[in-house]
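As structure tokens, the structure follows; a few thoughts come after it.
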Amino acid sequence: MPRATRLTTTLLAALLLGGGALAAIAETPIVTAKRNYERTTFTDAEIIDGFMKTAFGAEYQLAGRVDRIRKFQKPVRVFINGAARPDRNRQIEHITSDIARHIRHLDLALTPQREGANLIVNLVPERDLDREIRKLYGTSNARKIRKSLDPQCLSGFRKNDDYEIEHSEVILTVDNSEFVFLDCAYEEILQSLGPINDTTSVPWTMFNDDVSMGFFDTYDRYLMNILYDPRIKAGMSADEVRPLLPAILKDVRAKITVHSAPQRKTPH
């Protein structure tokens with residue numbers, strides 16, 4: 001299922017926006033198939049290339065520079081807000097726990113209190129998407145977003161002068177299929193943590209609109225663990241980051257658990 005069918009995007013919003021146990025959920029047949037056929041082995045060059053292309057830049061820029069590392073430097077607390085859909089809430093709980101379990105050095109967990117949250121996941125019916133975008137970004141920016149991107153799912157964050165992410169907002173439409181909802185949710189929540197630049201030149205990352213996964217795949221676990229390694233600091237430039245990557249990647253490789261299913265050719 002091509003990513004274009006769901007039209008998700010991520011915004012760099014430098015304007016004001018406004019792990020517990022893994023919950024058990026049934027995996028969709030599409031996700032199971034993609035998990036079994038995913039590529040799990042990559043060269044250092046392939047991983048570093050993807051990291052540099054997604055951690056720097058921004059698919060859609062509202063304000064501020066995009067040539068620096070952006071990440072949370074403090075614990076991330078996730079609050080689920082919006083549509084009364086217990087099934088979608090359970091899926092977000094699962095995704096949050098799954099991401100927290102697979103990214104070392106990231107303190108990520110759900111909170112029942114909105115006041116203590118710095119990552120808000122807004123669940124809305126598709127008919128309310130435009131209204132939600134206007135509420136978060138203002139009428140003028142919402143018009144530009146709609147004209148340029150026509151999004152179905154969205155995320156953005158506010159950062160401080162040191163490029164530390166202070167607050168993120170994710171908008172997900174709840175009335176998509178199970179696979180599309182999971183695919184949207186994983187990408188947008190992960191991008192709200194920092195790697196905000198979508199790229200069509202890296203064929204193994206969910207931060208590519210032509211790639212749909214529906215789960216936290218091996219390649220993106222490499223990228224996120226590099227980003228949240230303590231040696232990578234918010235505000236670093238590409239020239240500061242690049243010399244650190246070989247040593248960091250060596251350590252990350254030692255911690256990544258690679259899915260052991262046999263690698264087979266993807267069926268047509």
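Each chain in the structure tokens gets a letter, A, B, ..., in the order shown, and its residues are numbered from 1; ligands are numbered from 1 in order too.
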
_Residue neighbourhood Arg68 of chain A, 9 Å, only C-alpha atoms, exclusion window fewer than 6 positions, as a ChimeraX atom specification_ = /A:55-57,163,234-238

_List as a list in words the protein and nucleic acid residues near His102 of chain A, meaning an atom at most 9 Å away when only C-alpha atoms are counted, but skip any in the same chain fewer than 5 places from it._
Ser97, Phe216, Arg221, Met224, Asn225, Ile256 and Thr257 of chain A

*Give me the residues within 8 Å of Leu172 of chain A as a list in words, counting only C-alpha atoms and dropping any in the same chain fewer than 4 places off.*
Val121, Asn122, Leu123, Val124, Gln152, Cys153, Leu154, Phe181, Cys184 and Ala185 of chain A

Keeping only N, CA, C and O atoms, write those residues as a short mmCIF file (atom, residue, chain, number, x, y, z; two decimals), in the first residue's frame.
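Saved file again_26.cif follows:
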```cif
data_model
loop_
_atom_site.label_atom_id
_atom_site.label_comp_id
_atom_site.auth_asym_id
_atom_site.auth_seq_id
_atom_site.Cartn_x
_atom_site.Cartn_y
_atom_site.Cartn_z
N VAL A 121 -1.02 13.33 21.47
CA VAL A 121 -1.54 12.61 20.31
C VAL A 121 -3.03 12.90 20.21
O VAL A 121 -3.81 12.46 21.05
N ASN A 122 -3.42 13.68 19.20
CA ASN A 122 -4.80 14.07 19.00
C ASN A 122 -5.47 13.12 18.02
O ASN A 122 -5.06 13.00 16.86
N LEU A 123 -6.52 12.44 18.47
CA LEU A 123 -7.27 11.50 17.64
C LEU A 123 -8.56 12.18 17.19
O LEU A 123 -9.38 12.58 18.03
N VAL A 124 -8.73 12.32 15.89
CA VAL A 124 -9.88 13.05 15.37
C VAL A 124 -10.52 12.29 14.22
O VAL A 124 -9.83 11.59 13.47
N GLN A 152 -3.42 13.87 5.69
CA GLN A 152 -4.41 13.06 6.39
C GLN A 152 -3.97 12.82 7.83
O GLN A 152 -4.78 12.57 8.69
N CYS A 153 -2.67 12.88 8.07
CA CYS A 153 -2.09 12.79 9.41
C CYS A 153 -0.98 13.83 9.47
O CYS A 153 -0.42 14.20 8.45
N LEU A 154 -0.64 14.27 10.67
CA LEU A 154 0.25 15.41 10.78
C LEU A 154 0.97 15.39 12.12
O LEU A 154 0.44 14.90 13.11
N PHE A 181 -3.86 3.37 9.85
CA PHE A 181 -3.76 4.05 11.14
C PHE A 181 -2.43 3.74 11.81
O PHE A 181 -1.74 4.64 12.31
N CYS A 184 0.44 5.48 9.93
CA CYS A 184 0.45 6.92 10.26
C CYS A 184 1.00 7.14 11.66
O CYS A 184 1.85 8.01 11.88
N ALA A 185 0.47 6.38 12.62
CA ALA A 185 0.80 6.63 14.01
C ALA A 185 2.28 6.42 14.29
O ALA A 185 2.92 7.25 14.96
#
```

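For Asp183 of chain A, the non-local neighbours within 7 Å, defined as residues at least 5 positions apart in the same chain or in other chains and counting only C-alpha atoms, are A:Ser212, A:Met213, A:Gly214, A:Phe215.
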
*asked:* Excluding Glu178 of chain A and its own-chain neighbours fewer than 2 positions away, which residues fall within 12 Å of it when counting only C-alpha atoms? Please give them as a PyMOL selection string.
replied: chain A and resi 25-31+87-88+91+173-176+180-185+214-215

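Residues lying within 8 Å of Phe79 of chain A, counting only C-alpha atoms and ignoring same-chain neighbours fewer than 3 positions away, are Leu110, Thr111, Pro112, Gln113, Arg114, Ala117, Asn118, Leu119, Ile120 and Val121 of chain A.
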
Residues of the last selection are to be written out with N, CA and C atoms, as a compact mmCIF listing (two decimals), in the first residue's frame.
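Dumped to out00.txt:
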```txt
# COMPACT_ATOMS: atom_id res chain seq x y z
N LEU A 110 3.46 7.04 28.68
CA LEU A 110 2.14 7.67 28.70
C LEU A 110 1.91 8.38 30.02
N THR A 111 1.06 9.39 29.99
CA THR A 111 0.62 10.06 31.20
C THR A 111 -0.89 10.28 31.11
N PRO A 112 -1.62 10.14 32.22
CA PRO A 112 -3.06 10.41 32.19
C PRO A 112 -3.39 11.88 32.34
N GLN A 113 -2.37 12.71 32.58
CA GLN A 113 -2.58 14.13 32.83
C GLN A 113 -2.05 14.96 31.68
N ARG A 114 -2.92 15.70 31.04
CA ARG A 114 -2.48 16.55 29.94
C ARG A 114 -1.50 17.61 30.41
N ALA A 117 2.08 16.58 30.13
CA ALA A 117 2.49 15.98 28.87
C ALA A 117 3.23 16.98 27.99
N ASN A 118 4.21 16.49 27.24
CA ASN A 118 4.88 17.33 26.25
C ASN A 118 4.81 16.73 24.84
N LEU A 119 4.05 15.63 24.70
CA LEU A 119 3.73 15.08 23.38
C LEU A 119 2.25 14.69 23.41
N ILE A 120 1.46 15.42 22.66
CA ILE A 120 0.01 15.21 22.62
C ILE A 120 -0.35 14.47 21.34
N VAL A 121 -1.02 13.33 21.47
CA VAL A 121 -1.54 12.61 20.31
C VAL A 121 -3.03 12.90 20.21
```
